[in-house]
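Chemist: Just one file: coords.txt, with compact mmCIF, C-alpha atoms.
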# COMPACT_ATOMS: atom_id res chain seq x y z
CA VAL A 1 28.52 -48.06 28.59
CA PRO A 2 28.35 -45.23 26.01
CA HIS A 3 31.14 -45.12 23.51
CA GLY A 4 33.29 -42.03 23.91
CA GLU A 5 36.61 -40.72 24.72
CA HIS A 6 36.39 -42.09 28.28
CA GLU A 7 36.06 -45.64 26.91
CA ASP A 8 39.05 -47.61 28.12
CA GLU A 9 41.24 -49.84 25.99
CA ASP A 10 39.65 -53.13 27.14
CA GLU A 11 36.16 -52.01 26.13
CA ARG A 12 37.32 -50.99 22.65
CA ARG A 13 38.99 -54.34 22.13
CA ALA A 14 35.86 -56.20 23.26
CA ARG A 15 33.69 -54.12 20.92
CA ASP A 16 35.99 -54.79 17.97
CA ARG A 17 35.96 -58.53 18.63
CA PHE A 18 32.15 -58.57 18.80
CA GLY A 19 31.83 -56.66 15.50
CA LYS A 20 34.12 -59.08 13.69
CA PHE A 21 32.21 -62.07 15.13
CA HIS A 22 28.89 -60.55 14.08
CA ALA A 23 30.13 -59.97 10.53
CA ARG A 24 31.39 -63.55 10.28
CA SER A 25 27.97 -64.84 11.49
CA VAL A 26 25.82 -62.75 9.12
CA LEU A 27 27.78 -63.47 5.92
CA PRO A 28 27.25 -67.30 5.99
CA GLN A 29 23.53 -66.83 6.65
CA ALA A 30 23.16 -64.50 3.68
CA LYS A 31 25.11 -66.94 1.51
CA ALA A 32 22.82 -69.82 2.62
CA VAL A 33 19.71 -67.80 1.82
CA SER A 34 21.10 -66.99 -1.65
CA GLU A 35 21.94 -70.64 -2.36
CA LEU A 36 18.47 -71.70 -1.20
CA GLY A 37 16.93 -69.21 -3.63
CA HIS A 38 18.99 -70.58 -6.50
CA ALA A 39 18.02 -74.17 -5.61
CA THR A 40 14.32 -73.23 -5.47
CA ALA A 41 14.56 -71.57 -8.88
CA LYS A 42 16.27 -74.65 -10.34
CA LEU A 43 13.59 -76.92 -8.85
CA ALA A 44 10.80 -74.78 -10.36
CA ALA A 45 12.54 -74.87 -13.73
CA GLY A 46 12.85 -78.67 -13.50
CA ILE A 47 9.16 -79.07 -12.69
CA GLN A 48 8.24 -76.85 -15.63
CA ALA A 49 10.50 -78.90 -17.89
CA LEU A 50 8.79 -82.11 -16.74
CA LYS A 51 5.40 -80.55 -17.47
CA ASN A 52 6.58 -79.62 -20.94
CA VAL A 53 7.81 -83.18 -21.52
CA ALA A 54 4.48 -84.56 -20.31
CA ARG A 55 2.58 -82.24 -22.65
CA THR A 56 4.85 -83.24 -25.52
CA GLY A 57 4.35 -86.94 -24.73
CA ILE A 58 0.57 -86.56 -24.64
CA ALA A 59 0.69 -84.65 -27.91
CA LEU A 60 2.81 -87.38 -29.50
CA LEU A 61 0.42 -90.06 -28.25
CA CYS A 62 -2.54 -88.19 -29.69
CA LEU A 63 -0.70 -87.70 -32.98
CA SER A 64 0.14 -91.41 -33.09
CA ALA A 65 -3.49 -92.31 -32.46
CA LEU A 66 -4.61 -89.99 -35.24
CA CYS A 67 -2.03 -91.47 -37.60
CA LEU A 68 -3.19 -95.01 -36.78
CA ALA A 69 -6.81 -94.04 -37.33
CA ALA A 70 -5.94 -92.43 -40.66
CA ALA A 71 -3.99 -95.52 -41.69
CA ALA A 72 -6.95 -97.74 -40.81
CA GLN A 73 -9.24 -95.52 -42.88
CA ALA A 74 -6.79 -95.54 -45.78
CA MET A 75 -6.33 -99.32 -45.83
CA GLU A 76 -7.74 -100.96 -48.95
CA ARG A 77 -10.83 -103.00 -48.14
CA ILE A 78 -14.26 -104.08 -49.36
CA GLY A 79 -17.07 -102.15 -47.75
CA ALA A 80 -19.78 -104.50 -49.02
CA PHE A 81 -19.98 -107.64 -51.18
CA HIS A 82 -23.35 -108.95 -52.38
CA ALA A 83 -23.98 -111.89 -54.70
CA ASP A 84 -27.32 -112.15 -56.48
CA ILE A 85 -27.71 -115.77 -57.68
CA ARG A 86 -30.55 -116.75 -60.00
CA ILE A 87 -31.23 -120.45 -60.66
CA ALA A 88 -32.94 -121.11 -63.97
CA ALA A 89 -35.20 -124.10 -64.55
CA SER A 90 -32.38 -125.59 -66.62
CA GLY A 91 -30.03 -125.42 -63.62
CA GLU A 92 -27.85 -122.66 -65.07
CA LEU A 93 -26.79 -119.95 -62.64
CA SER A 94 -26.76 -116.24 -63.50
CA ILE A 95 -24.72 -114.40 -60.89
CA THR A 96 -24.17 -110.69 -60.37
CA GLU A 97 -21.64 -109.64 -57.77
CA THR A 98 -21.81 -106.07 -56.48
CA ILE A 99 -18.52 -105.17 -54.82
CA GLU A 100 -17.94 -101.86 -53.06
CA VAL A 101 -14.19 -101.25 -52.86
CA GLN A 102 -12.45 -98.55 -50.81
CA ALA A 103 -9.12 -97.82 -52.51
CA ASP A 104 -6.32 -96.72 -50.18
CA ALA A 105 -4.18 -93.58 -50.26
CA ARG A 106 -1.72 -95.14 -52.69
CA SER A 107 -2.95 -95.34 -56.26
CA ARG A 108 -2.67 -98.94 -57.41
CA GLU A 109 -2.42 -100.34 -60.89
CA GLY A 110 -5.46 -102.03 -62.37
CA GLY A 111 -8.48 -102.75 -60.23
CA ILE A 112 -9.68 -105.79 -58.29
CA VAL A 113 -8.91 -109.47 -58.78
CA ARG A 114 -11.51 -112.25 -58.47
CA ARG A 115 -10.43 -115.88 -58.38
CA PHE A 116 -12.81 -118.67 -59.30
CA PRO A 117 -11.78 -122.25 -58.53
CA ALA A 118 -12.00 -124.73 -61.40
CA ASP A 119 -13.12 -127.35 -58.91
CA TYR A 120 -13.92 -127.47 -55.22
CA ARG A 121 -15.63 -129.77 -52.74
CA ASP A 122 -19.22 -129.43 -51.61
CA ARG A 123 -20.44 -129.87 -48.05
CA LEU A 124 -20.43 -133.68 -48.52
CA GLY A 125 -16.81 -133.64 -49.66
CA ARG A 126 -17.56 -134.37 -53.31
CA ARG A 127 -15.43 -132.66 -55.94
CA MET A 128 -17.32 -130.16 -58.10
CA GLN A 129 -16.11 -128.65 -61.37
CA MET A 130 -17.17 -125.31 -62.72
CA TRP A 131 -16.80 -123.04 -65.72
CA ILE A 132 -17.74 -119.40 -65.97
CA GLU A 133 -18.69 -117.08 -68.81
CA VAL A 134 -18.29 -113.40 -67.97
CA GLU A 135 -21.03 -111.20 -69.42
CA THR A 136 -20.30 -107.69 -68.12
CA VAL A 137 -17.92 -105.89 -65.80
CA LEU A 138 -18.86 -102.37 -64.65
CA ARG A 139 -17.13 -99.85 -62.40
CA ASN A 140 -19.27 -97.01 -61.08
CA GLY A 141 -21.90 -97.84 -63.70
CA ARG A 142 -19.56 -97.79 -66.71
CA PRO A 143 -17.99 -100.67 -68.65
CA GLU A 144 -14.63 -101.67 -67.21
CA PRO A 145 -11.84 -103.48 -69.08
CA TYR A 146 -11.07 -106.94 -67.74
CA ALA A 147 -9.05 -110.02 -68.54
CA LEU A 148 -9.55 -113.71 -67.78
CA GLU A 149 -6.35 -115.60 -66.95
CA ARG A 150 -5.62 -119.20 -66.21
CA ALA A 151 -4.39 -119.68 -62.67
CA ALA A 152 -3.47 -122.58 -60.43
CA ASN A 153 -6.66 -124.59 -59.85
CA GLY A 154 -8.93 -122.04 -61.45
CA VAL A 155 -9.52 -118.84 -63.37
CA ARG A 156 -8.49 -115.31 -62.39
CA LEU A 157 -10.52 -112.27 -63.45
CA ARG A 158 -8.49 -109.06 -63.37
CA THR A 159 -10.25 -105.70 -63.87
CA GLY A 160 -8.77 -102.48 -65.19
CA ALA A 161 -6.55 -101.56 -68.12
CA PRO A 162 -2.81 -102.31 -67.90
CA GLY A 163 -0.82 -99.31 -66.70
CA ARG A 164 -3.86 -97.48 -65.38
CA THR A 165 -4.10 -96.70 -61.67
CA LEU A 166 -7.23 -96.93 -59.53
CA PRO A 167 -7.94 -93.53 -57.97
CA ARG A 168 -8.30 -93.22 -54.22
CA GLY A 169 -11.84 -93.46 -52.86
CA LYS A 170 -14.93 -95.66 -53.22
CA HIS A 171 -15.57 -97.70 -56.37
CA VAL A 172 -18.57 -99.96 -57.02
CA TYR A 173 -17.97 -102.94 -59.30
CA GLU A 174 -20.65 -105.13 -60.87
CA ILE A 175 -19.48 -108.45 -62.28
CA ALA A 176 -22.08 -110.55 -64.09
CA TYR A 177 -21.32 -114.10 -65.20
CA ARG A 178 -22.95 -117.45 -65.83
CA THR A 179 -22.05 -120.97 -64.80
CA ALA A 180 -23.69 -124.40 -64.84
CA ARG A 181 -23.51 -127.88 -63.34
CA GLN A 182 -23.66 -126.48 -59.81
CA VAL A 183 -26.96 -128.04 -58.69
CA ARG A 184 -26.67 -131.46 -57.07
CA PHE A 185 -29.52 -133.97 -57.33
CA PHE A 186 -30.56 -136.30 -54.51
CA GLU A 187 -33.41 -138.79 -54.15
CA ALA A 188 -35.65 -136.61 -51.98
CA HIS A 189 -34.43 -133.10 -52.83
CA ASP A 190 -31.95 -131.04 -54.83
CA GLU A 191 -29.55 -128.40 -53.58
CA LEU A 192 -27.15 -125.63 -54.52
CA HIS A 193 -23.83 -125.28 -52.74
CA TRP A 194 -21.97 -122.04 -53.51
CA ASN A 195 -18.94 -120.35 -52.00
CA VAL A 196 -19.64 -116.61 -51.88
CA ALA A 197 -16.55 -114.42 -52.38
CA ALA A 198 -14.23 -117.41 -52.73
CA GLY A 199 -10.57 -116.41 -53.04
CA LEU A 200 -11.19 -112.77 -52.22
CA GLU A 201 -7.86 -110.98 -51.60
CA LEU A 202 -9.26 -108.08 -49.55
CA PRO A 203 -11.01 -108.01 -46.17
CA ALA A 204 -14.78 -107.45 -46.37
CA GLU A 205 -16.81 -105.48 -43.85
CA ARG A 206 -20.19 -106.83 -45.04
CA LEU A 207 -20.98 -109.98 -47.02
CA SER A 208 -24.38 -111.14 -48.23
CA ALA A 209 -26.05 -113.29 -50.89
CA GLU A 210 -29.52 -113.99 -52.23
CA VAL A 211 -30.58 -117.11 -54.17
CA ARG A 212 -33.66 -116.71 -56.41
CA PHE A 213 -35.49 -119.38 -58.40
CA GLU A 214 -37.08 -119.09 -61.81
CA ARG A 215 -39.82 -121.48 -60.73
CA PRO A 216 -41.91 -120.84 -57.60
CA VAL A 217 -40.71 -122.44 -54.37
CA ALA A 218 -42.60 -122.23 -51.08
CA ALA A 219 -40.57 -120.80 -48.20
CA GLU A 220 -41.31 -123.76 -45.92
CA ARG A 221 -39.97 -126.17 -48.57
CA MET A 222 -36.43 -124.73 -48.44
CA GLN A 223 -33.68 -125.59 -45.99
CA LEU A 224 -30.57 -123.42 -45.45
CA ASP A 225 -27.07 -124.02 -44.17
CA ALA A 226 -23.82 -122.04 -44.33
CA TYR A 227 -20.26 -121.86 -43.06
CA THR A 228 -18.11 -118.76 -42.65
CA GLY A 229 -14.34 -118.29 -42.50
CA ALA A 230 -11.34 -119.56 -44.42
CA ASP A 231 -11.59 -122.50 -46.80
CA GLY A 232 -12.25 -125.71 -44.86
CA THR A 233 -13.48 -124.01 -41.66
CA ARG A 234 -17.03 -124.28 -40.34
CA GLY A 235 -17.80 -120.97 -38.67
CA GLN A 236 -21.43 -120.15 -37.99
CA ASP A 237 -21.27 -116.34 -38.17
CA TYR A 238 -24.29 -115.82 -40.42
CA HIS A 239 -28.03 -115.29 -40.53
CA GLY A 240 -30.30 -117.06 -43.04
CA PHE A 241 -33.75 -116.00 -44.26
CA VAL A 242 -36.34 -117.57 -46.55
CA ARG A 243 -39.34 -116.18 -48.38
CA GLU A 244 -41.44 -117.30 -51.33
CA GLY A 245 -39.08 -118.08 -54.20
CA SER A 246 -35.80 -117.00 -52.61
CA ALA A 247 -33.34 -117.46 -49.76
CA ALA A 248 -30.91 -114.90 -48.33
CA PHE A 249 -27.73 -115.06 -46.25
CA ARG A 250 -25.78 -112.42 -44.37
CA ALA A 251 -22.45 -112.71 -42.53
CA THR A 252 -22.67 -111.35 -38.99
CA ARG A 253 -19.05 -110.24 -38.72
CA PRO A 254 -16.41 -108.66 -40.96
CA LEU A 255 -14.41 -111.21 -42.92
CA ALA A 256 -10.63 -111.20 -43.20
CA ARG A 257 -8.60 -111.63 -46.35
CA ARG A 258 -9.33 -114.96 -48.09
CA GLU A 259 -12.37 -115.65 -45.90
CA GLY A 260 -15.80 -116.24 -47.38
CA MET A 261 -19.21 -117.76 -46.79
CA ALA A 262 -20.17 -121.17 -48.21
CA ILE A 263 -23.96 -121.40 -48.56
CA THR A 264 -26.27 -124.35 -49.19
CA VAL A 265 -29.93 -124.15 -50.25
CA ALA A 266 -31.95 -127.37 -50.39
CA PHE A 267 -35.22 -127.28 -52.37
CA PRO A 268 -37.85 -129.73 -53.65
CA LYS A 269 -37.49 -131.96 -56.66
CA GLY A 270 -38.86 -130.49 -59.88
CA VAL A 271 -37.65 -126.91 -59.37
CA VAL A 272 -34.66 -127.67 -61.61
CA ASP A 273 -34.87 -130.08 -64.55
Rewrite the structure of this file - the entire thing - as structure tokens.
Modeler:
Amino acid sequence: VPHGEHEDEDERRARDRFGKFHARSVLPQAKAVSELGHATAKLAAGIQALKNVARTGIALLCLSALCLAAAAQAMERIGAFHADIRIAASGELSITETIEVQADARSREGGIVRRFPADYRDRLGRRMQMWIEVETVLRNGRPEPYALERAANGVRLRTGAPGRTLPRGKHVYEIAYRTARQVRFFEAHDELHWNVAAGLELPAERLSAEVRFERPVAAERMQLDAYTGADGTRGQDYHGFVREGSAAFRATRPLARREGMAITVAFPKGVVD
């Protein structure tokens, strides 16, 4: 019915009631739509925040990994240790140790420390005594100050001048010394038993030794044996090689602090007087 002046009182009242009802119905719907929009925005912000946290966590993990890698690189260690052992006809040993040291990020006083036992036991359990006479100590090809000190059950060689720090980086030491009374004599053969890098205070990535004779020795007349690990252990992590007049050993794994390689070379009678 068109609205106009002929509209009766009942129709106007009905129309007014419908308008009020319609307004009450539309307002809650609009409010619900607005609240839904706010909730959606909050959810999106929360998801973005979680993504940011995830990125931050991954970044922190990567940074931690880099820091650990840098710390491992900076740790003080021996890159390579090689002992060249020459046996004279008199039985005296002339030994030159070439030690490649990687100094860590912290400058340290002095240099390296080598410990030589005054006595030790050979592979048969017999006690062996030793003395050493240091001839030269070099660092990076130049003479290096050193001091010999008495220590418990042995001698300690300390390189470097007091109060001087060892710069960060690689340093190559050469320590040459002599010793005697190391060859053991048996009825059918003689042999040298020597503990390479005994008492070393730093871990070593590579360890090797070569034994050379003043007098000729056929390769097939030599027999080799060795043990790797801490003092008293009998690890077999090594390779041995022989050739005319010499024998060589090489550890097949990195060695931890205070680990070494005990080598034995058996050779014919008459090579050493």
Chemist: For Glu205 of chain A, which of A:Arg139, A:Arg250, A:Arg150, A:Arg164 is the closest residue, counting all atoms listed in the file?
Modeler: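 Among A:Arg139, A:Arg250, A:Arg150, A:Arg164, it is A:Arg250 that comes nearest to Glu205 of chain A.
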Chemist: Give me, please, the distance in Å between atom CA of Leu192 of chain A and atom CA of Ala266 of chain A, quoted to one decimal.
Modeler: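 Separation between atom CA of Leu192 of chain A and atom CA of Ala266 of chain A: 6.6 Å.
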Chemist: Give the answer as one residue: which of A:Arg181, A:Arg215, A:Arg221, A:His171 has the shortest atom-to-atom distance to Arg127 of chain A, using only C-alpha atoms?
Modeler: A:Arg181
Chemist: When you draw a straight line from atom CA of Gly240 of chain A to atom CA of Pro216 of chain A, how long is it in Å?
Modeler: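 Distance reported for this atom pair: 19.0 Å.
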Chemist: Of the residues A:Val265, A:Ala251, A:Val101, A:Met130, which is the one nearest to Glu191 of chain A, using only C-alpha atoms?
Modeler: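 Smallest distance to Glu191 of chain A is found for A:Val265.
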Chemist: So that I can see what lies close to Glu149 of chain A, please list as number ranges by chain the residues with an atom at most 12 Å from it, counting only C-alpha atoms and leaving out residues fewer than 3 positions away in the same chain.
Modeler: A: 113-116, 146, 152-159
Chemist: Identify which of the residues A:Leu255, A:Ala45, A:Ile175, A:Leu166 lies closest to Glu133 of chain A, counting only C-alpha atoms when measuring atom-to-atom distances.
Modeler: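 The closest residue to Glu133 of chain A is A:Ile175.
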Chemist: Quick check, in Å to one decimal: how far apart do atom CA of Trp194 of chain A and atom CA of Tyr173 of chain A lie?
Modeler: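 That distance, rounded to one decimal, is 20.4 Å.
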Chemist: Which residue gives the smallest distance to Ile99 of chain A among A:Thr165, A:Thr252, A:Asn140, A:Gln182, with only C-alpha atoms counted?
Modeler: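 Checking each of A:Thr165, A:Thr252, A:Asn140, A:Gln182 against Ile99 of chain A, counting only C-alpha atoms, the winner is A:Asn140.
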Chemist: Pull the neighbourhood of (-16.9, -118.9, -68.4) for me: all residues within 8 Å in file coordinates, counting only C-alpha atoms, as a PyMOL selection string.
Modeler: chain A and resi 131-134+177-179
Chemist: Within 12 Å of Ala248 of chain A, counting all atoms listed in the file, which residues qualify if same-chain residues fewer than 4 places away don't, as a list of chain:residue names?
Modeler: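 The residues that qualify are A:His82, A:Ala83, A:Asp84, A:Ile85, A:Arg86, A:Val196, A:Leu207, A:Ser208, A:Ala209, A:Glu210, A:Val211, A:Arg212, A:Phe213, A:Ala219, A:Met222, A:Gln223, A:Leu224, A:Asp225, A:Ala226, A:Tyr238, A:His239, A:Gly240, A:Phe241, A:Val242, A:Arg243, A:Glu244, A:Ile263, A:Thr264, A:Val265.
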Chemist: Could you take the residues named above and write them with C-alpha atoms, as a short mmCIF file (atom, residue, chain, number, x, y, z; two decimals), keeping the file's coordinate frame?
Modeler:
data_model
loop_
_atom_site.label_atom_id
_atom_site.label_comp_id
_atom_site.auth_asym_id
_atom_site.auth_seq_id
_atom_site.Cartn_x
_atom_site.Cartn_y
_atom_site.Cartn_z
CA HIS A 82 -23.35 -108.95 -52.38
CA ALA A 83 -23.98 -111.89 -54.70
CA ASP A 84 -27.32 -112.15 -56.48
CA ILE A 85 -27.71 -115.77 -57.68
CA ARG A 86 -30.55 -116.75 -60.00
CA VAL A 196 -19.64 -116.61 -51.88
CA LEU A 207 -20.98 -109.98 -47.02
CA SER A 208 -24.38 -111.14 -48.23
CA ALA A 209 -26.05 -113.29 -50.89
CA GLU A 210 -29.52 -113.99 -52.23
CA VAL A 211 -30.58 -117.11 -54.17
CA ARG A 212 -33.66 -116.71 -56.41
CA PHE A 213 -35.49 -119.38 -58.40
CA ALA A 219 -40.57 -120.80 -48.20
CA MET A 222 -36.43 -124.73 -48.44
CA GLN A 223 -33.68 -125.59 -45.99
CA LEU A 224 -30.57 -123.42 -45.45
CA ASP A 225 -27.07 -124.02 -44.17
CA ALA A 226 -23.82 -122.04 -44.33
CA TYR A 238 -24.29 -115.82 -40.42
CA HIS A 239 -28.03 -115.29 -40.53
CA GLY A 240 -30.30 -117.06 -43.04
CA PHE A 241 -33.75 -116.00 -44.26
CA VAL A 242 -36.34 -117.57 -46.55
CA ARG A 243 -39.34 -116.18 -48.38
CA GLU A 244 -41.44 -117.30 -51.33
CA ILE A 263 -23.96 -121.40 -48.56
CA THR A 264 -26.27 -124.35 -49.19
CA VAL A 265 -29.93 -124.15 -50.25
#
Chemist: Closest to Ala147 of chain A among A:Asn195, A:Gly111, A:Phe249, A:Asp104, using all atoms listed in the file?
Modeler: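 Of A:Asn195, A:Gly111, A:Phe249, A:Asp104, the one nearest Ala147 of chain A is A:Gly111, counting all atoms listed in the file.
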